[in-house]
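Asker: mmCIF, C-alpha atoms and all ligand atoms, file entry_19.cif:
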data_entry
#
loop_
_atom_site.label_atom_id
_atom_site.label_comp_id
_atom_site.auth_asym_id
_atom_site.auth_seq_id
_atom_site.Cartn_x
_atom_site.Cartn_y
_atom_site.Cartn_z
CA MET A 249 -99.37 -26.52 -74.18
CA THR A 250 -95.62 -26.97 -73.75
CA GLU A 251 -93.43 -24.15 -72.45
CA ALA A 252 -91.87 -23.81 -75.91
CA GLU A 253 -95.34 -23.21 -77.44
CA ILE A 254 -96.27 -20.66 -74.76
CA HIS A 255 -92.93 -18.97 -75.33
CA ARG A 256 -93.53 -18.78 -79.07
CA TRP A 257 -97.00 -17.27 -78.52
CA LEU A 258 -95.54 -14.68 -76.15
CA SER A 259 -92.86 -13.75 -78.70
CA TRP A 260 -95.53 -13.24 -81.37
CA GLY A 261 -97.55 -11.34 -78.75
CA VAL A 262 -94.66 -8.90 -78.32
CA ILE A 263 -94.61 -8.39 -82.10
CA GLY A 264 -98.40 -7.87 -82.09
CA VAL A 265 -98.13 -5.30 -79.28
CA GLY A 266 -95.36 -3.62 -81.28
CA VAL A 267 -97.59 -3.31 -84.37
CA LEU A 268 -100.43 -1.83 -82.26
CA THR A 269 -98.01 0.50 -80.47
CA PHE A 270 -96.59 1.72 -83.78
CA GLY A 271 -100.03 2.70 -85.05
CA LEU A 272 -101.23 4.18 -81.77
CA LEU A 273 -98.17 6.32 -81.03
CA PHE A 274 -98.50 8.16 -84.34
CA PHE A 275 -101.80 9.56 -83.04
CA VAL A 276 -101.05 9.80 -79.30
CA ALA A 277 -97.48 10.67 -78.25
CA ALA A 278 -96.50 8.76 -75.08
CA PRO A 279 -97.16 11.36 -72.34
CA TYR A 280 -93.72 11.74 -70.78
CA GLY A 281 -90.75 14.05 -71.29
CA ARG A 282 -91.52 16.98 -73.63
CA HIS A 283 -94.82 15.32 -74.59
CA GLY A 284 -95.96 15.09 -70.95
CA ARG A 285 -99.40 16.60 -70.33
CA PRO A 286 -102.19 16.45 -67.71
CA GLY A 287 -105.01 13.91 -67.93
CA TRP A 288 -103.04 10.68 -67.59
CA GLY A 289 -103.77 10.02 -63.90
CA PRO A 290 -101.35 10.07 -60.96
CA THR A 291 -97.69 10.75 -61.62
CA MET A 292 -94.37 9.76 -60.05
CA PRO A 293 -90.85 11.20 -60.17
CA THR A 294 -89.36 10.49 -63.60
CA ARG A 295 -86.17 9.10 -62.06
CA TRP A 296 -88.15 6.47 -60.13
CA ALA A 297 -90.29 5.71 -63.16
CA TRP A 298 -87.13 4.69 -65.06
CA ILE A 299 -85.93 2.49 -62.20
CA VAL A 300 -89.29 0.78 -61.74
CA MET A 301 -90.14 0.17 -65.39
CA GLU A 302 -86.73 -1.14 -66.43
CA SER A 303 -85.90 -3.17 -63.27
CA PRO A 304 -87.36 -6.48 -64.60
CA ALA A 305 -84.86 -6.29 -67.47
CA VAL A 306 -82.05 -6.59 -64.93
CA LEU A 307 -83.51 -8.55 -62.02
CA LEU A 308 -86.08 -10.88 -63.59
CA PHE A 309 -83.90 -11.41 -66.66
CA GLY A 310 -80.94 -12.37 -64.44
CA TRP A 311 -83.04 -14.70 -62.28
CA ILE A 312 -84.67 -16.47 -65.25
CA TYR A 313 -81.31 -16.78 -66.97
CA ALA A 314 -79.85 -18.43 -63.87
CA GLN A 315 -82.55 -21.19 -64.05
CA GLY A 316 -81.62 -22.20 -67.61
CA GLN A 317 -79.86 -25.42 -68.50
CA HIS A 318 -77.46 -23.63 -70.89
CA ARG A 319 -76.59 -20.81 -68.49
CA MET A 320 -72.88 -21.65 -68.51
CA ALA A 321 -72.55 -21.98 -72.30
CA PRO A 322 -70.34 -19.27 -73.89
CA ALA A 323 -72.77 -17.85 -76.48
CA PRO A 324 -75.66 -17.37 -74.00
CA LEU A 325 -73.20 -15.78 -71.58
CA ILE A 326 -72.12 -13.29 -74.29
CA LEU A 327 -75.77 -12.42 -74.96
CA LEU A 328 -76.43 -12.10 -71.21
CA ILE A 329 -73.49 -9.70 -70.77
CA LEU A 330 -74.61 -7.49 -73.68
CA TRP A 331 -78.16 -7.33 -72.32
CA GLN A 332 -77.06 -6.54 -68.77
CA VAL A 333 -74.51 -3.93 -69.85
CA HIS A 334 -77.37 -2.04 -71.49
CA TYR A 335 -79.98 -2.51 -68.79
CA VAL A 336 -77.82 -1.99 -65.68
CA ASN A 337 -77.02 1.41 -67.18
CA ARG A 338 -80.60 2.19 -68.18
CA THR A 339 -82.08 1.08 -64.84
CA PHE A 340 -79.58 2.13 -62.20
CA ILE A 341 -77.14 4.65 -63.73
CA TYR A 342 -78.98 6.65 -66.43
CA PRO A 343 -81.85 7.72 -64.07
CA PHE A 344 -79.31 9.39 -61.79
CA ARG A 345 -77.50 11.13 -64.66
CA ILE A 346 -80.50 12.76 -66.34
CA GLN A 347 -81.22 16.22 -65.02
CA SER A 348 -84.89 15.41 -64.53
CA GLY A 349 -85.29 17.81 -61.55
CA ASP A 350 -88.83 17.52 -60.31
CA LYS A 351 -90.13 16.23 -63.64
CA ARG A 352 -92.86 13.60 -63.30
CA THR A 353 -94.10 10.66 -65.40
CA PRO A 354 -97.60 9.14 -65.31
CA VAL A 355 -97.77 5.97 -63.19
CA LEU A 356 -99.73 4.45 -66.10
CA VAL A 357 -96.73 4.82 -68.43
CA ALA A 358 -94.38 3.24 -65.89
CA ALA A 359 -96.86 0.42 -65.13
CA LEU A 360 -97.37 -0.48 -68.81
CA ALA A 361 -93.61 -0.45 -69.43
CA PHE A 362 -93.06 -2.58 -66.30
CA VAL A 363 -95.55 -5.23 -67.46
CA PHE A 364 -94.00 -5.19 -70.93
CA GLN A 365 -90.53 -5.71 -69.47
CA LEU A 366 -91.77 -8.67 -67.36
CA ILE A 367 -92.85 -10.47 -70.54
CA ASN A 368 -89.93 -9.28 -72.65
CA SER A 369 -87.39 -10.35 -70.01
CA TYR A 370 -88.92 -13.81 -69.70
CA VAL A 371 -89.08 -14.25 -73.50
CA ASN A 372 -85.43 -13.35 -74.08
CA ALA A 373 -83.77 -14.74 -70.95
CA ARG A 374 -85.58 -18.06 -71.26
CA HIS A 375 -84.72 -18.34 -74.93
CA ILE A 376 -80.97 -17.80 -74.57
CA SER A 377 -80.51 -19.80 -71.38
CA HIS A 378 -82.88 -22.72 -71.90
CA LEU A 379 -85.18 -23.01 -74.91
CA GLY A 380 -82.68 -21.97 -77.59
CA HIS A 381 -79.77 -24.08 -78.77
CA TYR A 382 -76.35 -22.48 -78.90
CA ASP A 383 -73.66 -25.11 -79.24
CA ALA A 384 -69.93 -24.45 -79.62
CA ALA A 385 -70.37 -23.99 -83.40
CA TRP A 386 -72.37 -20.79 -82.74
CA LEU A 387 -69.13 -19.19 -81.51
CA GLU A 388 -67.77 -19.55 -85.05
CA ASP A 389 -70.94 -18.38 -86.76
CA PRO A 390 -70.58 -14.92 -88.34
CA ARG A 391 -74.13 -14.02 -87.29
CA LEU A 392 -73.04 -13.97 -83.64
CA TRP A 393 -70.15 -11.59 -84.28
CA ILE A 394 -71.99 -9.39 -86.80
CA GLY A 395 -74.74 -9.07 -84.19
CA VAL A 396 -72.24 -8.26 -81.42
CA GLY A 397 -70.63 -5.64 -83.67
CA LEU A 398 -74.00 -4.05 -84.46
CA PHE A 399 -74.97 -4.08 -80.81
CA LEU A 400 -71.76 -2.38 -79.70
CA THR A 401 -72.03 0.21 -82.50
CA GLY A 402 -75.63 0.99 -81.55
CA ARG A 403 -74.70 1.15 -77.90
CA ARG A 404 -71.91 3.63 -78.58
CA ILE A 405 -74.33 5.85 -80.53
CA ASN A 406 -77.04 5.55 -77.88
CA THR A 407 -74.86 6.38 -74.88
CA TRP A 408 -73.09 9.22 -76.72
CA ALA A 409 -76.42 10.73 -77.80
CA ASP A 410 -77.91 10.38 -74.30
CA ALA A 411 -74.80 12.08 -72.86
CA VAL A 412 -75.15 15.03 -75.29
CA LEU A 413 -78.72 15.64 -74.08
CA ILE A 414 -77.67 15.33 -70.43
CA GLU A 415 -75.03 18.02 -71.00
CA LEU A 416 -77.50 20.28 -72.83
CA ARG A 417 -79.96 20.12 -69.96
CA LYS A 418 -77.24 21.17 -67.52
CA THR A 419 -77.19 24.54 -69.31
CA LYS A 420 -80.98 24.99 -69.07
CA LYS A 421 -82.45 23.81 -65.82
CA ALA A 422 -85.73 25.72 -65.69
CA ALA A 423 -88.73 24.09 -63.96
CA PRO A 424 -90.59 21.38 -65.90
CA ASP A 425 -93.50 23.72 -66.63
CA ALA A 426 -91.22 26.51 -67.94
CA PRO A 427 -91.52 27.42 -71.65
CA PRO A 428 -89.63 24.94 -73.90
CA LEU A 429 -86.99 27.51 -74.92
CA GLU A 430 -85.92 27.74 -71.27
CA ARG A 431 -85.39 23.96 -71.00
CA TYR A 432 -84.41 22.71 -74.44
CA THR A 433 -81.56 23.53 -76.85
CA ILE A 434 -81.06 22.37 -80.45
CA PRO A 435 -78.54 19.49 -80.19
CA LYS A 436 -75.65 19.78 -82.66
CA GLY A 437 -72.62 17.79 -83.78
CA GLY A 438 -72.05 14.20 -84.88
CA LEU A 439 -75.21 12.30 -85.77
CA TYR A 440 -77.31 15.18 -84.42
CA ASP A 441 -76.44 17.03 -87.64
CA TRP A 442 -78.24 14.25 -89.52
CA ILE A 443 -81.17 13.22 -87.33
CA SER A 444 -83.18 14.56 -84.41
CA CYS A 445 -82.98 11.39 -82.31
CA PRO A 446 -79.63 9.56 -82.49
CA ASN A 447 -80.34 8.06 -79.05
CA TYR A 448 -83.37 6.25 -80.50
CA PHE A 449 -81.46 5.32 -83.67
CA GLY A 450 -78.63 3.82 -81.55
CA GLU A 451 -81.14 1.93 -79.40
CA CYS A 452 -82.78 0.41 -82.50
CA VAL A 453 -79.36 -0.64 -83.90
CA GLU A 454 -78.46 -2.21 -80.54
CA TRP A 455 -81.50 -4.47 -80.44
CA VAL A 456 -81.27 -5.40 -84.10
CA GLY A 457 -77.70 -6.44 -83.27
CA TRP A 458 -78.84 -8.51 -80.29
CA ALA A 459 -81.53 -10.14 -82.45
CA VAL A 460 -78.93 -11.06 -85.09
CA ALA A 461 -76.49 -12.36 -82.46
CA SER A 462 -79.21 -14.53 -80.90
CA TRP A 463 -80.81 -15.34 -84.30
CA SER A 464 -84.14 -15.89 -82.59
CA LEU A 465 -87.82 -14.97 -82.76
CA ALA A 466 -87.42 -13.73 -79.17
CA GLY A 467 -84.65 -11.29 -80.07
CA ALA A 468 -86.46 -10.22 -83.25
CA SER A 469 -89.64 -9.53 -81.29
CA PHE A 470 -87.84 -7.04 -79.05
CA ALA A 471 -86.01 -5.37 -81.95
CA ILE A 472 -89.34 -4.93 -83.77
CA PHE A 473 -91.01 -3.59 -80.62
CA THR A 474 -88.17 -1.13 -79.99
CA PHE A 475 -88.46 0.29 -83.50
CA ALA A 476 -92.28 0.37 -83.24
CA ASN A 477 -92.04 2.24 -79.94
CA LEU A 478 -89.30 4.70 -80.81
CA ALA A 479 -89.95 5.55 -84.48
CA PRO A 480 -93.27 7.37 -83.83
CA ARG A 481 -91.65 9.12 -80.86
CA ALA A 482 -88.75 10.24 -83.04
CA VAL A 483 -91.28 11.66 -85.53
CA ALA A 484 -93.09 13.45 -82.66
CA HIS A 485 -89.78 14.87 -81.33
CA HIS A 486 -88.78 15.97 -84.82
CA ARG A 487 -92.10 17.76 -85.39
CA TRP A 488 -91.84 19.35 -81.92
CA TYR A 489 -88.30 20.64 -82.64
CA ARG A 490 -89.43 22.15 -85.93
CA GLU A 491 -92.45 23.83 -84.34
CA THR A 492 -90.47 25.05 -81.31
CA PHE A 493 -87.27 26.34 -82.95
CA PRO A 494 -87.77 28.50 -86.09
CA ASP A 495 -84.06 27.98 -86.90
CA TYR A 496 -84.20 24.17 -86.63
CA PRO A 497 -82.00 22.72 -89.44
CA ALA A 498 -84.32 21.92 -92.36
CA GLU A 499 -82.15 19.12 -93.76
CA ARG A 500 -82.21 17.10 -90.51
CA LYS A 501 -84.30 13.89 -90.60
CA ALA A 502 -86.14 12.31 -87.63
CA LEU A 503 -84.62 8.86 -87.09
CA ILE A 504 -82.76 7.39 -90.06
CA PRO A 505 -79.90 9.47 -91.51
CA GLY A 506 -80.72 10.75 -94.99
CA LEU A 507 -83.98 8.84 -95.19
CA TRP A 508 -86.65 9.46 -92.56
N1 LIG B 1 -86.24 0.24 -75.97
C1 LIG B 1 -87.25 1.11 -75.91
O1 LIG B 1 -88.36 0.81 -76.37
C2 LIG B 1 -87.06 2.47 -75.27
C3 LIG B 1 -88.19 3.23 -74.93
C4 LIG B 1 -88.03 4.51 -74.40
C5 LIG B 1 -86.73 5.02 -74.20
N2 LIG B 1 -85.64 4.26 -74.52
C6 LIG B 1 -84.29 4.82 -74.34
O2 LIG B 1 -84.23 5.58 -73.15
C7 LIG B 1 -83.46 6.77 -73.34
C8 LIG B 1 -84.28 8.00 -72.94
O3 LIG B 1 -85.48 8.05 -73.70
P1 LIG B 1 -86.38 9.37 -73.72
O4 LIG B 1 -87.60 9.03 -74.51
O5 LIG B 1 -86.55 9.92 -72.34
O6 LIG B 1 -85.41 10.36 -74.56
P2 LIG B 1 -85.48 11.92 -74.83
O7 LIG B 1 -86.89 12.39 -74.99
O8 LIG B 1 -84.52 12.19 -75.92
O9 LIG B 1 -84.94 12.60 -73.47
C9 LIG B 1 -83.75 12.17 -72.85
C10 LIG B 1 -83.37 13.15 -71.75
O10 LIG B 1 -82.76 14.33 -72.32
C11 LIG B 1 -83.55 15.50 -72.07
N3 LIG B 1 -83.57 16.21 -73.36
C12 LIG B 1 -84.03 15.72 -74.53
N4 LIG B 1 -83.84 16.61 -75.52
C13 LIG B 1 -83.27 17.70 -74.97
C14 LIG B 1 -82.82 18.96 -75.49
N5 LIG B 1 -82.97 19.26 -76.79
N6 LIG B 1 -82.28 19.87 -74.64
C15 LIG B 1 -82.14 19.56 -73.32
N7 LIG B 1 -82.53 18.36 -72.76
C16 LIG B 1 -83.09 17.45 -73.58
C17 LIG B 1 -84.91 14.99 -71.64
O11 LIG B 1 -85.55 15.92 -70.80
P3 LIG B 1 -87.19 15.94 -70.68
O12 LIG B 1 -87.56 14.67 -70.01
O13 LIG B 1 -87.43 17.17 -69.86
O14 LIG B 1 -87.74 16.05 -72.09
C18 LIG B 1 -84.53 13.70 -70.92
O15 LIG B 1 -84.05 13.98 -69.62
C19 LIG B 1 -83.03 6.78 -74.81
O16 LIG B 1 -81.69 6.32 -74.92
C20 LIG B 1 -83.97 5.79 -75.47
O17 LIG B 1 -83.37 5.15 -76.56
C21 LIG B 1 -85.77 3.00 -75.05
#
Since I need it in another form, could you write the structure as structure tokens?
Answerer:
Amino acid sequence: MTEAEIHRWLSWGVIGVGVLTFGLLFFVAAPYGRHGRPGWGPTMPTRWAWIVMESPAVLLFGWIYAQGQHRMAPAPLILLILWQVHYVNRTFIYPFRIQSGDKRTPVLVAALAFVFQLINSYVNARHISHLGHYDAAWLEDPRLWIGVGLFLTGRRINTWADAVLIELRKTKKAAPDAPPLERYTIPKGGLYDWISCPNYFGECVEWVGWAVASWSLAGASFAIFTFANLAPRAVAHHRWYRETFPDYPAERKALIPGLW
């Protein structure tokens, strides 16, 4: 098998894992954050879980990119910068901003996410830097700039929504096992008036944007996976908010404004 064939199989594999994840997570909420519960084996500090599970998306992605024949071409460089802007934040800045206290995450969750990011980083870095073809004409293709615009819009929503939650937690810093009303507040304002999880919505828009900008099976596979991973979690968060807060706004949707 050639590398291109292996790469294509891996991209379809990511989509397959996404489909399975989508189905599974509607029945079993990923056991971290507010859905954390005993019975998932040893745990580790949540801050370190973020660093470990997302580190391949910075380090391995960067290393694989640097091996590619097209690494100095402008379009791949734009895609590289977008990717790294997101993942340097998620891996090395965000974990130190969240007020996770002594909150813990199962090692199993971090390990599965780490393995996923190894494959995902290879699939996308190798595509943009080596297996894909982005000549100078791609810089004039509207798909690149529509994708960049979508990515930046999603990123703005995602970082704003994450920041709102970080600020809310600063006002309620009870221990992780304290009752929910001592740790969580109903978020309000902006997109929070429309949906329960603008951070997940922004994240989905970001990766759809990256997929459009790269116009690739690789990029599409990660956009599909992100939606498959976050949509069931948004539904679980939404249900949890409604069960936890009797005054939770009835008109608010879970993930997609006005729709779902
Ligand atoms: N690409 C992907 O597949 C993927 C997968 C997972 C996450 N992500 C991204 O990673 C980021 C974090 O994800 P997450 O699942 O941890 O998000 P989350 O459940 O919304 O929690 C984010 C942080 O805010 C706190 N928080 C949430 N709601 C709160 C409230 N109402 N009041 C006070 N504090 C609150 C949480 O504390 P607790 O931990 O105590 O609940 C946590 O520290 C998001 O931007 C998400 O898009 C991406």
Asker: Each residue of chain A with at least one atom at most 8 Å from ligand LIG 1 (chain B) should appear once, together with its nearest atom pair and the corresponding distance in Å (one decimal); atoms considered: all atoms listed in the file; ordering: chain, then increasing residue number; output as JSON lines.
Answerer:
{"residue": "A:Tyr280", "atom": "CA", "partner": "B:LIG1", "partner_atom": "O12", "distance": 6.9}
{"residue": "A:Gly281", "atom": "CA", "partner": "B:LIG1", "partner_atom": "O12", "distance": 3.5}
{"residue": "A:Arg282", "atom": "CA", "partner": "B:LIG1", "partner_atom": "O14", "distance": 4.2}
{"residue": "A:His283", "atom": "CA", "partner": "B:LIG1", "partner_atom": "O14", "distance": 7.5}
{"residue": "A:Thr294", "atom": "CA", "partner": "B:LIG1", "partner_atom": "O12", "distance": 7.9}
{"residue": "A:Arg338", "atom": "CA", "partner": "B:LIG1", "partner_atom": "O2", "distance": 7.0}
{"residue": "A:Ile346", "atom": "CA", "partner": "B:LIG1", "partner_atom": "O15", "distance": 5.0}
{"residue": "A:Gln347", "atom": "CA", "partner": "B:LIG1", "partner_atom": "O15", "distance": 5.8}
{"residue": "A:Ser348", "atom": "CA", "partner": "B:LIG1", "partner_atom": "O15", "distance": 5.4}
{"residue": "A:Lys351", "atom": "CA", "partner": "B:LIG1", "partner_atom": "O13", "distance": 6.8}
{"residue": "A:Asn406", "atom": "CA", "partner": "B:LIG1", "partner_atom": "O16", "distance": 5.6}
{"residue": "A:Thr407", "atom": "CA", "partner": "B:LIG1", "partner_atom": "O16", "distance": 6.8}
{"residue": "A:Ala409", "atom": "CA", "partner": "B:LIG1", "partner_atom": "O16", "distance": 7.5}
{"residue": "A:Asp410", "atom": "CA", "partner": "B:LIG1", "partner_atom": "O16", "distance": 5.6}
{"residue": "A:Leu413", "atom": "CA", "partner": "B:LIG1", "partner_atom": "O10", "distance": 4.6}
{"residue": "A:Ile414", "atom": "CA", "partner": "B:LIG1", "partner_atom": "O10", "distance": 5.5}
{"residue": "A:Glu415", "atom": "CA", "partner": "B:LIG1", "partner_atom": "C15", "distance": 7.6}
{"residue": "A:Leu416", "atom": "CA", "partner": "B:LIG1", "partner_atom": "C15", "distance": 4.7}
{"residue": "A:Arg417", "atom": "CA", "partner": "B:LIG1", "partner_atom": "C15", "distance": 4.0}
{"residue": "A:Lys418", "atom": "CA", "partner": "B:LIG1", "partner_atom": "C15", "distance": 7.8}
{"residue": "A:Lys420", "atom": "CA", "partner": "B:LIG1", "partner_atom": "C15", "distance": 7.0}
{"residue": "A:Pro424", "atom": "CA", "partner": "B:LIG1", "partner_atom": "O13", "distance": 6.6}
{"residue": "A:Arg431", "atom": "CA", "partner": "B:LIG1", "partner_atom": "C15", "distance": 5.9}
{"residue": "A:Tyr432", "atom": "CA", "partner": "B:LIG1", "partner_atom": "N6", "distance": 3.6}
{"residue": "A:Thr433", "atom": "CA", "partner": "B:LIG1", "partner_atom": "N6", "distance": 4.3}
{"residue": "A:Ile434", "atom": "CA", "partner": "B:LIG1", "partner_atom": "N5", "distance": 5.2}
{"residue": "A:Pro435", "atom": "CA", "partner": "B:LIG1", "partner_atom": "N5", "distance": 5.6}
{"residue": "A:Cys445", "atom": "CA", "partner": "B:LIG1", "partner_atom": "O8", "distance": 6.6}
{"residue": "A:Asn447", "atom": "CA", "partner": "B:LIG1", "partner_atom": "O16", "distance": 4.7}
{"residue": "A:Tyr448", "atom": "CA", "partner": "B:LIG1", "partner_atom": "O17", "distance": 4.1}
{"residue": "A:Phe449", "atom": "CA", "partner": "B:LIG1", "partner_atom": "O17", "distance": 7.4}
{"residue": "A:Gly450", "atom": "CA", "partner": "B:LIG1", "partner_atom": "O17", "distance": 7.0}
{"residue": "A:Glu451", "atom": "CA", "partner": "B:LIG1", "partner_atom": "O17", "distance": 4.8}
{"residue": "A:Cys452", "atom": "CA", "partner": "B:LIG1", "partner_atom": "N1", "distance": 7.4}
{"residue": "A:Phe473", "atom": "CA", "partner": "B:LIG1", "partner_atom": "O1", "distance": 6.7}
{"residue": "A:Thr474", "atom": "CA", "partner": "B:LIG1", "partner_atom": "O1", "distance": 4.1}
{"residue": "A:Phe475", "atom": "CA", "partner": "B:LIG1", "partner_atom": "O1", "distance": 7.1}
{"residue": "A:Ala476", "atom": "CA", "partner": "B:LIG1", "partner_atom": "O1", "distance": 7.9}
{"residue": "A:Asn477", "atom": "CA", "partner": "B:LIG1", "partner_atom": "O1", "distance": 5.3}
{"residue": "A:Leu478", "atom": "CA", "partner": "B:LIG1", "partner_atom": "O1", "distance": 6.0}
{"residue": "A:Arg481", "atom": "CA", "partner": "B:LIG1", "partner_atom": "O4", "distance": 7.5}
{"residue": "A:His485", "atom": "CA", "partner": "B:LIG1", "partner_atom": "O7", "distance": 7.4}
Asker: Could you write out that same residue set with C-alpha atoms as a PDB file, in the coordinates of the input?
Answerer:
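Contents of out-v3.pdb, as written:
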ATOM      1  CA  TYR A 280     -93.720  11.740 -70.780  1.00  0.00           C
ATOM      2  CA  GLY A 281     -90.750  14.050 -71.290  1.00  0.00           C
ATOM      3  CA  ARG A 282     -91.520  16.980 -73.630  1.00  0.00           C
ATOM      4  CA  HIS A 283     -94.820  15.320 -74.590  1.00  0.00           C
ATOM      5  CA  THR A 294     -89.360  10.490 -63.600  1.00  0.00           C
ATOM      6  CA  ARG A 338     -80.600   2.190 -68.180  1.00  0.00           C
ATOM      7  CA  ILE A 346     -80.500  12.760 -66.340  1.00  0.00           C
ATOM      8  CA  GLN A 347     -81.220  16.220 -65.020  1.00  0.00           C
ATOM      9  CA  SER A 348     -84.890  15.410 -64.530  1.00  0.00           C
ATOM     10  CA  LYS A 351     -90.130  16.230 -63.640  1.00  0.00           C
ATOM     11  CA  ASN A 406     -77.040   5.550 -77.880  1.00  0.00           C
ATOM     12  CA  THR A 407     -74.860   6.380 -74.880  1.00  0.00           C
ATOM     13  CA  ALA A 409     -76.420  10.730 -77.800  1.00  0.00           C
ATOM     14  CA  ASP A 410     -77.910  10.380 -74.300  1.00  0.00           C
ATOM     15  CA  LEU A 413     -78.720  15.640 -74.080  1.00  0.00           C
ATOM     16  CA  ILE A 414     -77.670  15.330 -70.430  1.00  0.00           C
ATOM     17  CA  GLU A 415     -75.030  18.020 -71.000  1.00  0.00           C
ATOM     18  CA  LEU A 416     -77.500  20.280 -72.830  1.00  0.00           C
ATOM     19  CA  ARG A 417     -79.960  20.120 -69.960  1.00  0.00           C
ATOM     20  CA  LYS A 418     -77.240  21.170 -67.520  1.00  0.00           C
ATOM     21  CA  LYS A 420     -80.980  24.990 -69.070  1.00  0.00           C
ATOM     22  CA  PRO A 424     -90.590  21.380 -65.900  1.00  0.00           C
ATOM     23  CA  ARG A 431     -85.390  23.960 -71.000  1.00  0.00           C
ATOM     24  CA  TYR A 432     -84.410  22.710 -74.440  1.00  0.00           C
ATOM     25  CA  THR A 433     -81.560  23.530 -76.850  1.00  0.00           C
ATOM     26  CA  ILE A 434     -81.060  22.370 -80.450  1.00  0.00           C
ATOM     27  CA  PRO A 435     -78.540  19.490 -80.190  1.00  0.00           C
ATOM     28  CA  CYS A 445     -82.980  11.390 -82.310  1.00  0.00           C
ATOM     29  CA  ASN A 447     -80.340   8.060 -79.050  1.00  0.00           C
ATOM     30  CA  TYR A 448     -83.370   6.250 -80.500  1.00  0.00           C
ATOM     31  CA  PHE A 449     -81.460   5.320 -83.670  1.00  0.00           C
ATOM     32  CA  GLY A 450     -78.630   3.820 -81.550  1.00  0.00           C
ATOM     33  CA  GLU A 451     -81.140   1.930 -79.400  1.00  0.00           C
ATOM     34  CA  CYS A 452     -82.780   0.410 -82.500  1.00  0.00           C
ATOM     35  CA  PHE A 473     -91.010  -3.590 -80.620  1.00  0.00           C
ATOM     36  CA  THR A 474     -88.170  -1.130 -79.990  1.00  0.00           C
ATOM     37  CA  PHE A 475     -88.460   0.290 -83.500  1.00  0.00           C
ATOM     38  CA  ALA A 476     -92.280   0.370 -83.240  1.00  0.00           C
ATOM     39  CA  ASN A 477     -92.040   2.240 -79.940  1.00  0.00           C
ATOM     40  CA  LEU A 478     -89.300   4.700 -80.810  1.00  0.00           C
ATOM     41  CA  ARG A 481     -91.650   9.120 -80.860  1.00  0.00           C
ATOM     42  CA  HIS A 485     -89.780  14.870 -81.330  1.00  0.00           C
TER      43      HIS A 485
END
Asker: Got a sec: who's within 12 Å of A:Ile263, counting only C-alpha atoms, leaving out chain neighbours fewer than 3 positions off, as a tab-separated table (two decimals) with C-alpha atoms, in the frame of the given file?
Answerer:
chain	number	residue	atom	x	y	z
A	256	ARG	CA	-93.53	-18.78	-79.07
A	257	TRP	CA	-97.00	-17.27	-78.52
A	258	LEU	CA	-95.54	-14.68	-76.15
A	259	SER	CA	-92.86	-13.75	-78.70
A	260	TRP	CA	-95.53	-13.24	-81.37
A	266	GLY	CA	-95.36	-3.62	-81.28
A	267	VAL	CA	-97.59	-3.31	-84.37
A	268	LEU	CA	-100.43	-1.83	-82.26
A	269	THR	CA	-98.01	0.50	-80.47
A	270	PHE	CA	-96.59	1.72	-83.78
A	364	PHE	CA	-94.00	-5.19	-70.93
A	367	ILE	CA	-92.85	-10.47	-70.54
A	368	ASN	CA	-89.93	-9.28	-72.65
A	371	VAL	CA	-89.08	-14.25	-73.50
A	465	LEU	CA	-87.82	-14.97	-82.76
A	466	ALA	CA	-87.42	-13.73	-79.17
A	467	GLY	CA	-84.65	-11.29	-80.07
A	468	ALA	CA	-86.46	-10.22	-83.25
A	469	SER	CA	-89.64	-9.53	-81.29
A	470	PHE	CA	-87.84	-7.04	-79.05
A	471	ALA	CA	-86.01	-5.37	-81.95
A	472	ILE	CA	-89.34	-4.93	-83.77
A	473	PHE	CA	-91.01	-3.59	-80.62
A	474	THR	CA	-88.17	-1.13	-79.99
A	475	PHE	CA	-88.46	0.29	-83.50
A	476	ALA	CA	-92.28	0.37	-83.24
A	477	ASN	CA	-92.04	2.24	-79.94
Asker: From the set A:Glu253, A:Leu356, A:Ile329, A:Arg345, which residue has the shortest atom-to-atom contact distance to A:Thr291, counting all atoms listed in the file?
Answerer: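 Smallest distance to A:Thr291 is found for A:Leu356.
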Asker: Around all the atoms of stretch 441-450 of chain A listed in the file, draw an axis-aligned box and extend it by 8 Å on each of the six sides; I want its centre and edge lengths in Å to one decimal, as lines of an AutoDock Vina configuration file.
Answerer:
center_x = -79.9
center_y = 10.4
center_z = -84.3
size_x = 22.9
size_y = 29.2
size_z = 26.5
Asker: Quick one: of A:Pro446, A:Gly395, A:Gly437, A:Pro494, who's nearest to A:Ala459, counting all atoms listed in the file?
Answerer: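 The shortest atom-to-atom distance to A:Ala459 comes from A:Gly395.
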Asker: Hey, what's within 9 Å of A:Arg374 if we count all atoms listed in the file and toss same-chain stuff fewer than 5 positions away? As a list of chain:residue names, please?
Answerer: A:His255, A:Phe309, A:Ile312, A:Tyr313, A:Gln315, A:Gly316, A:Ser369, A:Leu379, A:Gly380
Asker: Could you tell me how far atom CA of A:Asn337 lies from atom CA of A:Gly438, in Å and to one decimal?
Answerer: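 So the answer is 22.4 Å.
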